[in-house]
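Okay, model36.tsv is below, TSV, C-alpha atoms and all ligand atoms:
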chain	number	residue	atom	x	y	z
A	632	MET	CA	3.40	23.22	-4.34
A	633	GLY	CA	0.72	23.20	-7.00
A	634	LEU	CA	1.21	24.12	-10.54
A	635	PHE	CA	1.21	27.11	-12.67
A	636	SER	CA	-0.89	29.10	-14.85
A	637	LEU	CA	1.17	30.18	-17.81
A	638	PHE	CA	0.28	33.38	-19.51
A	639	SER	CA	1.35	35.62	-22.32
A	640	ALA	CA	0.05	38.61	-24.19
A	641	ASP	CA	-3.13	36.77	-24.99
A	642	ILE	CA	-3.31	33.38	-23.37
A	643	ALA	CA	-3.52	32.31	-19.73
A	644	VAL	CA	-2.73	28.68	-18.96
A	645	ASP	CA	-3.32	26.81	-15.74
A	646	LEU	CA	-1.02	23.85	-16.11
A	647	GLY	CA	-2.52	21.79	-13.31
A	648	THR	CA	-1.50	18.38	-12.01
A	649	ALA	CA	-4.92	17.01	-12.97
A	650	ASN	CA	-6.31	19.48	-15.53
A	651	THR	CA	-4.99	22.06	-17.96
A	652	VAL	CA	-7.24	25.05	-18.52
A	653	ILE	CA	-6.59	27.68	-21.18
A	654	TRP	CA	-8.16	31.12	-21.31
A	655	MET	CA	-7.95	33.47	-24.24
A	656	LYS	CA	-8.42	37.21	-24.25
A	657	GLY	CA	-11.82	38.13	-25.59
A	658	LYS	CA	-12.97	34.51	-25.61
A	659	GLY	CA	-12.73	33.23	-22.04
A	660	ILE	CA	-12.03	29.54	-21.37
A	661	VAL	CA	-11.22	27.80	-24.62
A	662	LEU	CA	-9.83	24.49	-23.34
A	663	ASN	CA	-10.29	22.39	-20.21
A	664	GLU	CA	-8.80	18.91	-20.43
A	665	PRO	CA	-6.99	16.39	-18.22
A	666	SER	CA	-3.19	16.91	-18.06
A	667	ILE	CA	-2.55	13.48	-19.55
A	668	VAL	CA	-0.36	12.43	-22.45
A	669	ALA	CA	-0.21	9.15	-24.33
A	670	PHE	CA	3.01	8.58	-26.21
A	671	ASP	CA	4.88	5.92	-28.11
A	672	ARG	CA	7.47	4.36	-25.81
A	673	ASN	CA	9.91	3.79	-28.63
A	674	THR	CA	9.74	7.02	-30.57
A	675	LYS	CA	8.54	9.26	-27.69
A	676	LYS	CA	6.02	10.67	-30.18
A	677	ILE	CA	2.83	12.03	-28.60
A	678	ILE	CA	-0.17	9.96	-29.68
A	679	ALA	CA	-2.93	11.67	-27.75
A	680	ILE	CA	-3.45	14.37	-25.11
A	681	GLY	CA	-6.23	15.39	-22.75
A	682	HIS	CA	-9.61	13.64	-22.86
A	683	GLU	CA	-8.46	11.33	-25.61
A	684	ALA	CA	-5.38	10.25	-23.60
A	685	ARG	CA	-7.53	9.82	-20.50
A	686	GLU	CA	-9.69	7.26	-22.31
A	687	MET	CA	-6.50	5.27	-22.84
A	688	LEU	CA	-5.40	5.45	-19.19
A	689	GLY	CA	-4.98	1.95	-17.78
A	690	ARG	CA	-5.97	0.43	-21.11
A	691	THR	CA	-2.76	0.74	-23.11
A	692	HIS	CA	-0.56	-1.98	-24.53
A	693	ARG	CA	3.23	-2.34	-24.38
A	694	ASP	CA	4.10	0.32	-26.92
A	695	ILE	CA	1.91	3.09	-25.57
A	696	ARG	CA	2.46	4.81	-22.26
A	697	THR	CA	0.12	7.29	-20.64
A	698	ILE	CA	1.53	9.69	-18.09
A	699	ARG	CA	0.48	12.75	-16.14
A	700	PRO	CA	3.58	14.90	-16.49
A	701	MET	CA	2.57	17.48	-13.88
A	702	LYS	CA	1.55	14.97	-11.24
A	703	ASP	CA	2.71	15.70	-7.69
A	704	GLY	CA	3.18	19.33	-8.51
A	705	VAL	CA	6.51	19.17	-10.25
A	706	ILE	CA	7.34	18.74	-13.86
A	707	ALA	CA	7.99	15.04	-13.64
A	708	ASP	CA	8.71	14.61	-17.27
A	709	PHE	CA	9.89	17.86	-18.65
A	710	GLU	CA	9.98	17.08	-22.36
A	711	ILE	CA	6.58	15.42	-22.32
A	712	ALA	CA	5.10	18.33	-20.34
A	713	GLU	CA	6.41	20.75	-22.91
A	714	GLY	CA	4.98	18.63	-25.74
A	715	MET	CA	1.61	18.45	-23.99
A	716	LEU	CA	1.50	22.19	-23.49
A	717	ARG	CA	2.40	22.81	-27.11
A	718	GLU	CA	-0.33	20.43	-28.33
A	719	PHE	CA	-2.94	22.02	-26.07
A	720	ILE	CA	-2.07	25.50	-27.25
A	721	LYS	CA	-2.19	24.30	-30.85
A	722	LYS	CA	-5.63	22.86	-30.23
A	723	THR	CA	-7.06	26.15	-28.97
A	724	SER	CA	-5.82	28.46	-31.62
A	725	VAL	CA	-7.11	28.93	-35.08
A	726	GLY	CA	-3.90	29.63	-36.88
A	727	TRP	CA	-1.07	31.58	-35.37
A	728	VAL	CA	-1.00	32.76	-31.78
A	729	PRO	CA	1.41	35.63	-31.14
A	730	SER	CA	2.41	34.87	-27.56
A	731	ARG	CA	1.43	33.34	-24.27
A	732	ARG	CA	2.17	33.25	-20.51
A	733	VAL	CA	2.26	30.92	-17.23
A	734	SER	CA	1.27	30.96	-13.46
A	735	VAL	CA	3.47	29.01	-11.01
A	736	PRO	CA	3.09	26.89	-7.88
A	737	SER	CA	3.90	28.60	-4.64
A	738	GLY	CA	7.10	27.35	-3.06
A	739	ILE	CA	8.45	26.58	-6.48
A	740	THR	CA	12.24	26.56	-6.65
A	741	GLU	CA	14.27	28.76	-8.95
A	742	VAL	CA	15.12	25.71	-11.05
A	743	GLU	CA	11.47	24.79	-11.44
A	744	LYS	CA	10.53	28.33	-12.31
A	745	ARG	CA	13.10	28.29	-15.05
A	746	ALA	CA	11.80	24.94	-16.23
A	747	VAL	CA	8.29	26.31	-16.60
A	748	ARG	CA	9.47	29.37	-18.38
A	749	TYR	CA	11.51	27.18	-20.71
A	750	ALA	CA	8.55	24.89	-21.39
A	751	ALA	CA	6.30	27.84	-22.13
A	752	GLU	CA	8.78	29.53	-24.42
A	753	HIS	CA	9.54	26.34	-26.26
A	754	ALA	CA	5.85	25.76	-26.66
A	755	GLY	CA	5.75	29.05	-28.55
A	756	ALA	CA	5.33	31.76	-25.92
A	757	LYS	CA	7.03	35.07	-26.62
A	758	GLU	CA	6.41	36.66	-23.29
A	759	VAL	CA	6.06	34.56	-20.16
A	760	HIS	CA	4.93	35.87	-16.81
A	761	LEU	CA	4.81	33.69	-13.73
A	762	LEU	CA	2.23	34.07	-11.04
A	763	ALA	CA	1.94	32.18	-7.75
A	764	GLU	CA	-0.95	29.76	-8.00
A	765	PRO	CA	-2.76	30.73	-4.76
A	766	MET	CA	-2.57	34.35	-5.88
A	767	ALA	CA	-4.12	33.39	-9.21
A	768	SER	CA	-6.95	31.53	-7.48
A	769	ALA	CA	-7.56	34.39	-5.05
A	770	ILE	CA	-7.88	36.84	-7.96
A	771	GLY	CA	-10.05	34.36	-9.88
A	772	ILE	CA	-12.39	34.04	-6.92
A	773	GLY	CA	-12.69	37.82	-6.89
A	774	LEU	CA	-10.89	38.52	-3.59
A	775	ASP	CA	-9.48	41.97	-3.17
A	776	VAL	CA	-5.84	40.86	-3.04
A	777	ASP	CA	-4.29	44.32	-2.85
A	778	ALA	CA	-6.29	45.43	0.18
A	779	PRO	CA	-4.63	45.53	3.64
A	780	VAL	CA	-6.87	42.64	4.65
A	781	GLY	CA	-6.03	38.96	5.10
A	782	ASN	CA	-7.71	36.32	2.93
A	783	MET	CA	-7.13	32.59	3.21
A	784	VAL	CA	-7.33	30.44	0.11
A	785	VAL	CA	-7.16	26.63	0.16
A	786	ASP	CA	-6.67	25.18	-3.32
A	787	ILE	CA	-7.13	21.42	-3.42
A	788	GLY	CA	-5.95	20.10	-6.78
A	789	GLY	CA	-4.92	16.67	-8.03
A	790	GLY	CA	-1.37	16.42	-6.69
A	791	THR	CA	-1.15	19.15	-4.07
A	792	THR	CA	-3.14	21.24	-1.65
A	793	GLU	CA	-1.92	24.84	-1.48
A	794	ILE	CA	-2.89	26.97	1.45
A	795	ALA	CA	-2.10	30.68	1.49
A	796	VAL	CA	-2.92	33.82	3.40
A	797	ILE	CA	-2.82	36.81	1.09
A	798	ALA	CA	-2.73	40.53	1.92
A	799	LEU	CA	-1.42	43.66	0.18
A	800	SER	CA	-0.72	41.79	-3.09
A	801	GLY	CA	1.58	39.31	-1.40
A	802	ILE	CA	1.54	35.87	0.16
A	803	VAL	CA	2.02	36.24	3.91
A	804	THR	CA	1.80	32.62	5.04
A	805	GLU	CA	1.78	29.53	2.88
A	806	GLU	CA	1.78	25.81	3.17
A	807	SER	CA	1.81	23.16	0.49
A	808	ILE	CA	1.25	19.44	0.99
A	809	ARG	CA	1.31	16.60	-1.46
A	810	VAL	CA	-2.06	15.37	-0.34
A	811	ALA	CA	-5.01	16.18	-2.59
A	812	GLY	CA	-7.27	14.46	-5.12
A	813	ASP	CA	-4.81	11.72	-6.14
A	814	GLU	CA	-4.26	10.71	-2.51
A	815	LYS	CA	-8.01	10.46	-2.05
A	816	ASN	CA	-8.22	8.17	-5.09
A	817	ASN	CA	-5.38	6.05	-3.69
A	818	ALA	CA	-7.14	5.79	-0.34
A	819	ILE	CA	-10.22	4.43	-2.14
A	820	ILE	CA	-8.13	1.91	-4.13
A	821	GLN	CA	-6.45	0.70	-0.90
A	822	PHE	CA	-9.80	0.42	0.84
A	823	PHE	CA	-11.16	-1.92	-1.88
A	824	LYS	CA	-8.00	-4.04	-1.75
A	825	ARG	CA	-8.12	-4.45	2.01
A	826	ASN	CA	-11.82	-4.64	2.69
A	827	HIS	CA	-13.32	-6.11	-0.45
A	828	ASN	CA	-10.43	-8.04	-1.98
A	829	ILE	CA	-10.84	-6.32	-5.31
A	830	LEU	CA	-8.56	-4.21	-7.38
A	831	ILE	CA	-10.12	-1.15	-8.98
A	832	GLY	CA	-8.56	1.29	-11.44
A	833	GLU	CA	-7.70	4.93	-10.86
A	834	ARG	CA	-10.57	6.19	-13.01
A	835	THR	CA	-13.08	4.06	-11.13
A	836	ALA	CA	-11.73	5.35	-7.81
A	837	GLU	CA	-12.07	8.93	-9.01
A	838	ALA	CA	-15.64	8.36	-10.20
A	839	ILE	CA	-16.55	6.87	-6.80
A	840	LYS	CA	-14.96	9.82	-4.99
A	841	CYS	CA	-16.84	12.40	-7.06
A	842	GLU	CA	-20.17	10.61	-6.90
A	843	VAL	CA	-20.35	9.27	-3.36
A	844	GLY	CA	-17.24	10.56	-1.57
A	845	SER	CA	-17.83	12.79	1.45
A	846	ALA	CA	-16.15	14.40	4.44
A	847	MET	CA	-19.28	14.55	6.64
A	848	PRO	CA	-22.34	12.30	7.01
A	849	LEU	CA	-24.74	12.70	4.08
A	850	LYS	CA	-28.45	13.45	4.47
A	851	GLU	CA	-29.10	10.14	2.78
A	852	GLU	CA	-26.30	7.60	2.72
A	853	ILE	CA	-26.17	5.61	-0.53
A	854	THR	CA	-25.03	2.20	-1.69
A	855	ILE	CA	-23.30	1.67	-5.02
A	856	GLN	CA	-22.11	-1.24	-7.14
A	857	VAL	CA	-18.41	-1.25	-7.91
A	858	LYS	CA	-16.67	-3.34	-10.56
A	859	GLY	CA	-13.08	-4.49	-10.31
A	860	ARG	CA	-10.82	-7.54	-10.45
A	861	ASP	CA	-11.04	-10.14	-7.73
A	862	LEU	CA	-7.66	-10.33	-6.00
A	863	VAL	CA	-8.14	-13.98	-5.08
A	864	ASN	CA	-9.12	-15.60	-8.37
A	865	GLY	CA	-8.38	-12.80	-10.84
A	866	VAL	CA	-11.81	-12.60	-12.46
A	867	PRO	CA	-13.98	-9.49	-12.84
A	868	LYS	CA	-16.28	-8.99	-9.89
A	869	THR	CA	-18.95	-6.60	-8.63
A	870	THR	CA	-19.17	-5.55	-5.01
A	871	GLU	CA	-21.52	-3.33	-3.04
A	872	VAL	CA	-20.32	-0.46	-0.82
A	873	SER	CA	-21.96	2.34	1.07
A	874	SER	CA	-21.06	6.00	1.15
A	875	VAL	CA	-20.28	5.53	4.87
A	876	GLU	CA	-17.43	3.15	4.01
A	877	ILE	CA	-16.09	5.48	1.33
A	878	ARG	CA	-16.09	8.32	3.87
A	879	GLU	CA	-14.02	6.21	6.25
A	880	ALA	CA	-11.61	5.39	3.44
A	881	LEU	CA	-11.20	9.12	2.71
A	882	ASN	CA	-10.67	10.10	6.30
A	883	GLU	CA	-6.88	9.97	6.34
A	884	PRO	CA	-6.19	12.34	3.43
A	885	ILE	CA	-8.99	14.66	4.58
A	886	ALA	CA	-7.55	14.79	8.09
A	887	GLN	CA	-4.14	15.71	6.62
A	888	ILE	CA	-5.66	18.57	4.63
A	889	VAL	CA	-7.53	19.86	7.70
A	890	GLU	CA	-4.34	19.62	9.77
A	891	ALA	CA	-2.41	21.65	7.17
A	892	VAL	CA	-5.10	24.35	7.30
A	893	LYS	CA	-4.79	24.50	11.10
A	894	VAL	CA	-1.00	24.70	10.97
A	895	THR	CA	-1.21	27.59	8.49
A	896	LEU	CA	-3.68	29.40	10.73
A	897	GLU	CA	-1.31	29.02	13.67
A	898	ARG	CA	1.49	30.61	11.66
A	899	THR	CA	-0.63	33.56	10.53
A	900	PRO	CA	0.00	36.97	12.15
A	901	PRO	CA	-2.84	37.88	14.59
A	902	GLU	CA	-4.19	40.90	12.68
A	903	LEU	CA	-4.67	38.73	9.63
A	904	SER	CA	-6.19	35.92	11.75
A	905	ALA	CA	-8.80	38.43	12.85
A	906	ASP	CA	-9.59	39.17	9.19
A	907	ILE	CA	-9.94	35.47	8.44
A	908	LEU	CA	-12.27	35.09	11.39
A	909	ASP	CA	-14.55	37.69	9.76
A	910	ARG	CA	-14.17	36.70	6.14
A	911	GLY	CA	-13.65	32.98	6.40
A	912	ILE	CA	-11.66	30.48	4.36
A	913	MET	CA	-12.15	30.12	0.59
A	914	LEU	CA	-11.96	26.59	-0.80
A	915	THR	CA	-11.05	26.16	-4.44
A	916	GLY	CA	-9.61	23.59	-6.89
A	917	GLY	CA	-11.51	20.43	-7.83
A	918	GLY	CA	-11.12	19.00	-4.32
A	919	ALA	CA	-13.33	21.79	-2.96
A	920	LEU	CA	-16.23	19.93	-4.57
A	921	LEU	CA	-15.96	16.95	-2.21
A	922	LYS	CA	-19.29	16.70	-0.41
A	923	GLY	CA	-19.21	18.07	3.13
A	924	LEU	CA	-15.59	19.23	3.03
A	925	ASP	CA	-16.55	22.86	3.75
A	926	GLU	CA	-18.68	21.74	6.68
A	927	ARG	CA	-15.87	19.55	8.01
A	928	ILE	CA	-13.32	22.40	7.92
A	929	ARG	CA	-15.88	24.73	9.50
A	930	LEU	CA	-16.41	22.25	12.30
A	931	GLU	CA	-12.70	21.76	12.95
A	932	THR	CA	-11.58	25.40	12.72
A	933	ASN	CA	-14.69	27.25	13.94
A	934	LEU	CA	-14.29	29.60	10.99
A	935	PRO	CA	-16.68	30.42	8.16
A	936	VAL	CA	-15.81	28.33	5.07
A	937	HIS	CA	-16.95	29.08	1.52
A	938	VAL	CA	-16.61	27.02	-1.64
A	939	ALA	CA	-15.57	29.16	-4.61
A	940	GLU	CA	-17.87	29.40	-7.54
A	941	ASP	CA	-16.59	27.17	-10.34
A	942	PRO	CA	-13.50	26.05	-8.34
A	943	LEU	CA	-11.94	24.15	-11.26
A	944	THR	CA	-11.40	27.31	-13.29
A	945	ALA	CA	-10.53	29.88	-10.58
A	946	VAL	CA	-6.77	29.79	-11.29
A	947	VAL	CA	-7.09	30.39	-15.02
A	948	ARG	CA	-9.74	33.07	-14.59
A	949	GLY	CA	-7.47	34.84	-12.09
A	950	THR	CA	-4.52	34.56	-14.43
A	951	GLY	CA	-6.67	35.94	-17.23
A	952	ARG	CA	-7.61	38.95	-15.14
A	953	VAL	CA	-3.95	39.65	-14.39
A	954	LEU	CA	-3.23	39.36	-18.09
A	955	GLU	CA	-5.92	41.89	-18.92
A	956	ASP	CA	-4.56	44.39	-16.46
A	957	LEU	CA	-0.85	43.73	-16.09
A	958	ARG	CA	-0.12	47.20	-14.84
A	959	HIS	CA	-2.60	47.00	-11.98
A	960	PHE	CA	-1.42	43.53	-11.00
A	961	SER	CA	2.33	44.05	-11.56
A	962	LYS	CA	3.02	43.46	-7.85
A	963	VAL	CA	1.65	39.93	-7.90
A	964	LEU	CA	3.92	38.70	-10.68
A	965	ILE	CA	6.88	36.53	-9.72
A	966	LYS	CA	10.17	38.07	-10.60
A	967	SER	CA	12.41	35.32	-11.82
A	968	LYS	CA	15.74	35.38	-13.54
A	969	ARG	CA	15.93	34.48	-17.17
A	970	TYR	CA	17.87	31.34	-17.90
B	1001	LIG	P1	-5.07	20.64	-10.60
B	1001	LIG	O1	-5.11	22.13	-10.47
B	1001	LIG	O2	-4.03	19.99	-9.77
B	1001	LIG	O3	-5.03	20.19	-12.02
B	1001	LIG	P2	-7.93	20.63	-10.20
B	1001	LIG	O4	-8.18	21.89	-9.47
B	1001	LIG	O5	-8.26	20.61	-11.66
B	1001	LIG	O6	-6.45	20.11	-9.98
B	1001	LIG	O7	-8.75	19.50	-9.45
B	1001	LIG	C1	-8.66	18.16	-9.84
B	1001	LIG	C2	-9.00	17.27	-8.69
B	1001	LIG	O8	-10.32	17.56	-8.22
B	1001	LIG	C3	-9.00	15.79	-9.09
B	1001	LIG	O9	-8.27	15.05	-8.13
B	1001	LIG	C4	-10.47	15.43	-9.08
B	1001	LIG	O10	-10.66	14.08	-8.72
B	1001	LIG	C5	-11.01	16.36	-8.01
B	1001	LIG	N1	-12.46	16.56	-8.14
B	1001	LIG	C6	-13.14	17.03	-9.20
B	1001	LIG	N2	-14.47	17.02	-8.96
B	1001	LIG	C7	-14.63	16.51	-7.70
B	1001	LIG	C8	-15.77	16.24	-6.86
B	1001	LIG	N3	-17.03	16.47	-7.27
B	1001	LIG	N4	-15.53	15.70	-5.63
B	1001	LIG	C9	-14.29	15.46	-5.22
B	1001	LIG	N5	-13.18	15.71	-5.95
B	1001	LIG	C10	-13.35	16.23	-7.17
B	1002	MG	MG	-4.80	23.83	-9.70

I need this file expressed as structure tokens, please.
Amino acid sequence: MGLFSLFSADIAVDLGTANTVIWMKGKGIVLNEPSIVAFDRNTKKIIAIGHEAREMLGRTHRDIRTIRPMKDGVIADFEIAEGMLREFIKKTSVGWVPSRRVSVPSGITEVEKRAVRYAAEHAGAKEVHLLAEPMASAIGIGLDVDAPVGNMVVDIGGGTTEIAVIALSGIVTEESIRVAGDEKNNAIIQFFKRNHNILIGERTAEAIKCEVGSAMPLKEEITIQVKGRDLVNGVPKTTEVSSVEIREALNEPIAQIVEAVKVTLERTPPELSADILDRGIMLTGGGALLKGLDERIRLETNLPVHVAEDPLTAVVRGTGRVLEDLRHFSKVLIKSKRY
């Protein structure tokens, strides 16, 4: 399960596990910031959100806590998530914003759907529509979701990887695993502990992944300097690693993602499999940017694989399109009970 894109009469929100992206009618993307909140442990008051809170990550003292409320694809901390959403919406709007909406993770339970709706409404939304996340990305990518043709979308976010086969405005086959960007960062942290005896932070691991991480051999392998804390004597230390080692460290989570894609393909009805054979698999979400991942999936599935243009904003752009033409897209909206 991934997360949602919230939307209303004029705002589309992709409340992601790693990033929150807000789109506004007539303006396009108006906010794109990490889904991170820093708050006072005692008063629960929000001190910072987004980029500002990210700067504090791993550098806070006793009284300040930074959390990622959407991590792992569920609303881990409901109240904080709601506060974050409210602050983000406040940040985008000059003055009063009439209403707003949300898009939801596939596989989301009725309880979670209600939770999202509640968060959105309490954050000021008048009208909230929920939309399955893979559907939002498919529309954002520009796939013809209402055609009688199968399309496979693989959305690799921070907390979850969502795989879906879409046809005739519906999700035919879907799979969601809790292995995505965060697991890749963890794999890198573990690698440095085991093989280099140093402890590195989450932000460092993420920077390494984005800069030198790969799923296939690179044309030119590179060596980088990494700073962390020596596990033996506790002092800061620099160590040298190659992109080959980082690739090995990333192998486990990558293999799990590839396996999930294969399992989903096996469960797809044959007529739709034939469509996917012609059209290929679309990769989206920030994880689609990992070097060589498309090539790796191509190699393991024998299918064409494409990386979406601007994969980090596909969900919100798709949600925005639905918002602009609610009547045309009415079939893709999730019907959920009001609480
Ligand atoms: P979510 O929808 O869960 O918020 P996103 O689609 O915003 O997630 O993707 C965020 C994830 O993408 C993070 O784990 C981030 O590390 C990863 N990411 C971003 N850029 C790259 C890159 N160049 N290579 C590998 N991973 C990347
Ligand atoms: Mg996402």

Report the closest atom pair, with its distance in Å rounded to one decimal, for each residue of chain A that has an atom no farther than 6 Å from ligand MG 1002 (chain B); count all atoms listed in the file, sort by chain and then rising residue number, and write it as a Markdown table.
| residue | atom | partner | partner_atom | distance |
| --- | --- | --- | --- | --- |
| A:Gly647 | CA | B:MG1002 | MG | 4.7 |
| A:Gly788 | CA | B:MG1002 | MG | 4.9 |
| A:Gly916 | CA | B:MG1002 | MG | 5.6 |

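For the point (-2.1, 45.6, -0.1), the residues with at least one atom inside 9 Å, counting only C-alpha atoms, are Asp775, Val776, Asp777, Ala778, Pro779, Val780, Ile797, Ala798, Leu799, Ser800 and Gly801 of chain A.
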
Next on the checklist: Residues contacting ligand LIG 1001 (chain B) - anything with an atom at most 6 Å away, using only C-alpha atoms and all ligand atoms - can you give me those as a PyMOL selection string?
Outcome noted: chain A and resi 647-650+788-790+812-813+837+840-841+916-918+920-921+943

Might you pull out every residue within 10 Å of A:Leu924, with all atoms listed in the file counted and same-chain residues fewer than 2 positions away left off, and present them as an mmCIF file with C-alpha atoms, keeping the file's coordinate frame?
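Result file follows (result-v5.cif):
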data_model
loop_
_atom_site.group_PDB
_atom_site.id
_atom_site.type_symbol
_atom_site.label_atom_id
_atom_site.label_comp_id
_atom_site.auth_asym_id
_atom_site.auth_seq_id
_atom_site.Cartn_x
_atom_site.Cartn_y
_atom_site.Cartn_z
ATOM 1 C CA GLY A 844 -17.240 10.560 -1.570
ATOM 2 C CA SER A 845 -17.830 12.790 1.450
ATOM 3 C CA ALA A 846 -16.150 14.400 4.440
ATOM 4 C CA MET A 847 -19.280 14.550 6.640
ATOM 5 C CA ILE A 885 -8.990 14.660 4.580
ATOM 6 C CA VAL A 889 -7.530 19.860 7.700
ATOM 7 C CA LEU A 914 -11.960 26.590 -0.800
ATOM 8 C CA GLY A 918 -11.120 19.000 -4.320
ATOM 9 C CA ALA A 919 -13.330 21.790 -2.960
ATOM 10 C CA LEU A 920 -16.230 19.930 -4.570
ATOM 11 C CA LEU A 921 -15.960 16.950 -2.210
ATOM 12 C CA LYS A 922 -19.290 16.700 -0.410
ATOM 13 C CA GLU A 926 -18.680 21.740 6.680
ATOM 14 C CA ARG A 927 -15.870 19.550 8.010
ATOM 15 C CA ILE A 928 -13.320 22.400 7.920
ATOM 16 C CA ARG A 929 -15.880 24.730 9.500
ATOM 17 C CA LEU A 930 -16.410 22.250 12.300
ATOM 18 C CA VAL A 936 -15.810 28.330 5.070
ATOM 19 C CA VAL A 938 -16.610 27.020 -1.640
#

Next on the checklist: So, with all atoms listed in the file as the atoms that count, which of A:Lys702, A:Lys966, A:Lys815, A:His760 lies closest to A:Ala886?
Outcome noted: A:Lys815

Item to check | Within-12 Å shell of (1.3, 15.4, -1.4) in input frame, all atoms listed in the file, as a PyMOL selection string | outcome: chain A and resi 632-633+648+702-705+787-793+806-815+817+884-885+887-888+891

Could you save those same residues with C-alpha atoms as a PDB file, in the frame of the given file?
ATOM      1  CA  MET A 632       3.400  23.220  -4.340  1.00  0.00           C
ATOM      2  CA  GLY A 633       0.720  23.200  -7.000  1.00  0.00           C
ATOM      3  CA  THR A 648      -1.500  18.380 -12.010  1.00  0.00           C
ATOM      4  CA  LYS A 702       1.550  14.970 -11.240  1.00  0.00           C
ATOM      5  CA  ASP A 703       2.710  15.700  -7.690  1.00  0.00           C
ATOM      6  CA  GLY A 704       3.180  19.330  -8.510  1.00  0.00           C
ATOM      7  CA  VAL A 705       6.510  19.170 -10.250  1.00  0.00           C
ATOM      8  CA  ILE A 787      -7.130  21.420  -3.420  1.00  0.00           C
ATOM      9  CA  GLY A 788      -5.950  20.100  -6.780  1.00  0.00           C
ATOM     10  CA  GLY A 789      -4.920  16.670  -8.030  1.00  0.00           C
ATOM     11  CA  GLY A 790      -1.370  16.420  -6.690  1.00  0.00           C
ATOM     12  CA  THR A 791      -1.150  19.150  -4.070  1.00  0.00           C
ATOM     13  CA  THR A 792      -3.140  21.240  -1.650  1.00  0.00           C
ATOM     14  CA  GLU A 793      -1.920  24.840  -1.480  1.00  0.00           C
ATOM     15  CA  GLU A 806       1.780  25.810   3.170  1.00  0.00           C
ATOM     16  CA  SER A 807       1.810  23.160   0.490  1.00  0.00           C
ATOM     17  CA  ILE A 808       1.250  19.440   0.990  1.00  0.00           C
ATOM     18  CA  ARG A 809       1.310  16.600  -1.460  1.00  0.00           C
ATOM     19  CA  VAL A 810      -2.060  15.370  -0.340  1.00  0.00           C
ATOM     20  CA  ALA A 811      -5.010  16.180  -2.590  1.00  0.00           C
ATOM     21  CA  GLY A 812      -7.270  14.460  -5.120  1.00  0.00           C
ATOM     22  CA  ASP A 813      -4.810  11.720  -6.140  1.00  0.00           C
ATOM     23  CA  GLU A 814      -4.260  10.710  -2.510  1.00  0.00           C
ATOM     24  CA  LYS A 815      -8.010  10.460  -2.050  1.00  0.00           C
ATOM     25  CA  ASN A 817      -5.380   6.050  -3.690  1.00  0.00           C
ATOM     26  CA  PRO A 884      -6.190  12.340   3.430  1.00  0.00           C
ATOM     27  CA  ILE A 885      -8.990  14.660   4.580  1.00  0.00           C
ATOM     28  CA  GLN A 887      -4.140  15.710   6.620  1.00  0.00           C
ATOM     29  CA  ILE A 888      -5.660  18.570   4.630  1.00  0.00           C
ATOM     30  CA  ALA A 891      -2.410  21.650   7.170  1.00  0.00           C
TER      31      ALA A 891
END

Next on the checklist: I need the residue nearest A:His682 from this list: A:Ile660, A:Phe719, A:Arg748, A:Glu931. Use all atoms listed in the file for the distance.
Outcome noted: A:Phe719

Next on the checklist: Can you pull out the residues contacting stretch 667-676 of chain A? Cut-off 6 Å, using all atoms listed in the file, and skip same-chain residues under 5 positions away; I want them as a ChimeraX atom specification.
Outcome noted: /A:681,684,694-699

Checklist entry - Between A:Pro901, A:Gly781, A:Pro665, A:Pro935, which is the closest to A:Pro700 once you count all atoms listed in the file? => result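 Distance minimum relative to A:Pro700 lands on A:Pro665.
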
Listed atoms of stretch 808-824 of chain A, axis-aligned box, 5 Å per side: centre and edge lengths to one decimal in Å, as AutoDock Vina command-line options?
--center_x -4.9 --center_y 7.7 --center_z -2.6 --size_x 22.5 --size_y 33.5 --size_z 17.1

Next on the checklist: If I take atom CA of A:Lys962 and atom CA of A:Leu761, how far is one from the other in Å, to one decimal?
Outcome noted: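 Those two atoms sit 11.5 Å apart.
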
Item to check | Coordinates-based distance that separates atom CA of A:Ile831 from atom CA of A:Ala712 (Å, one decimal) | outcome: 27.2 Å

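Between atom CA of A:Ile820 and atom CA of A:Glu664 lies a distance of 23.6 Å.
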
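Restricting the calculation to only C-alpha atoms, the smallest distance between A:Leu662 and any of A:Leu954, A:Ala769, A:Val892, A:Val947 is found for A:Val947.
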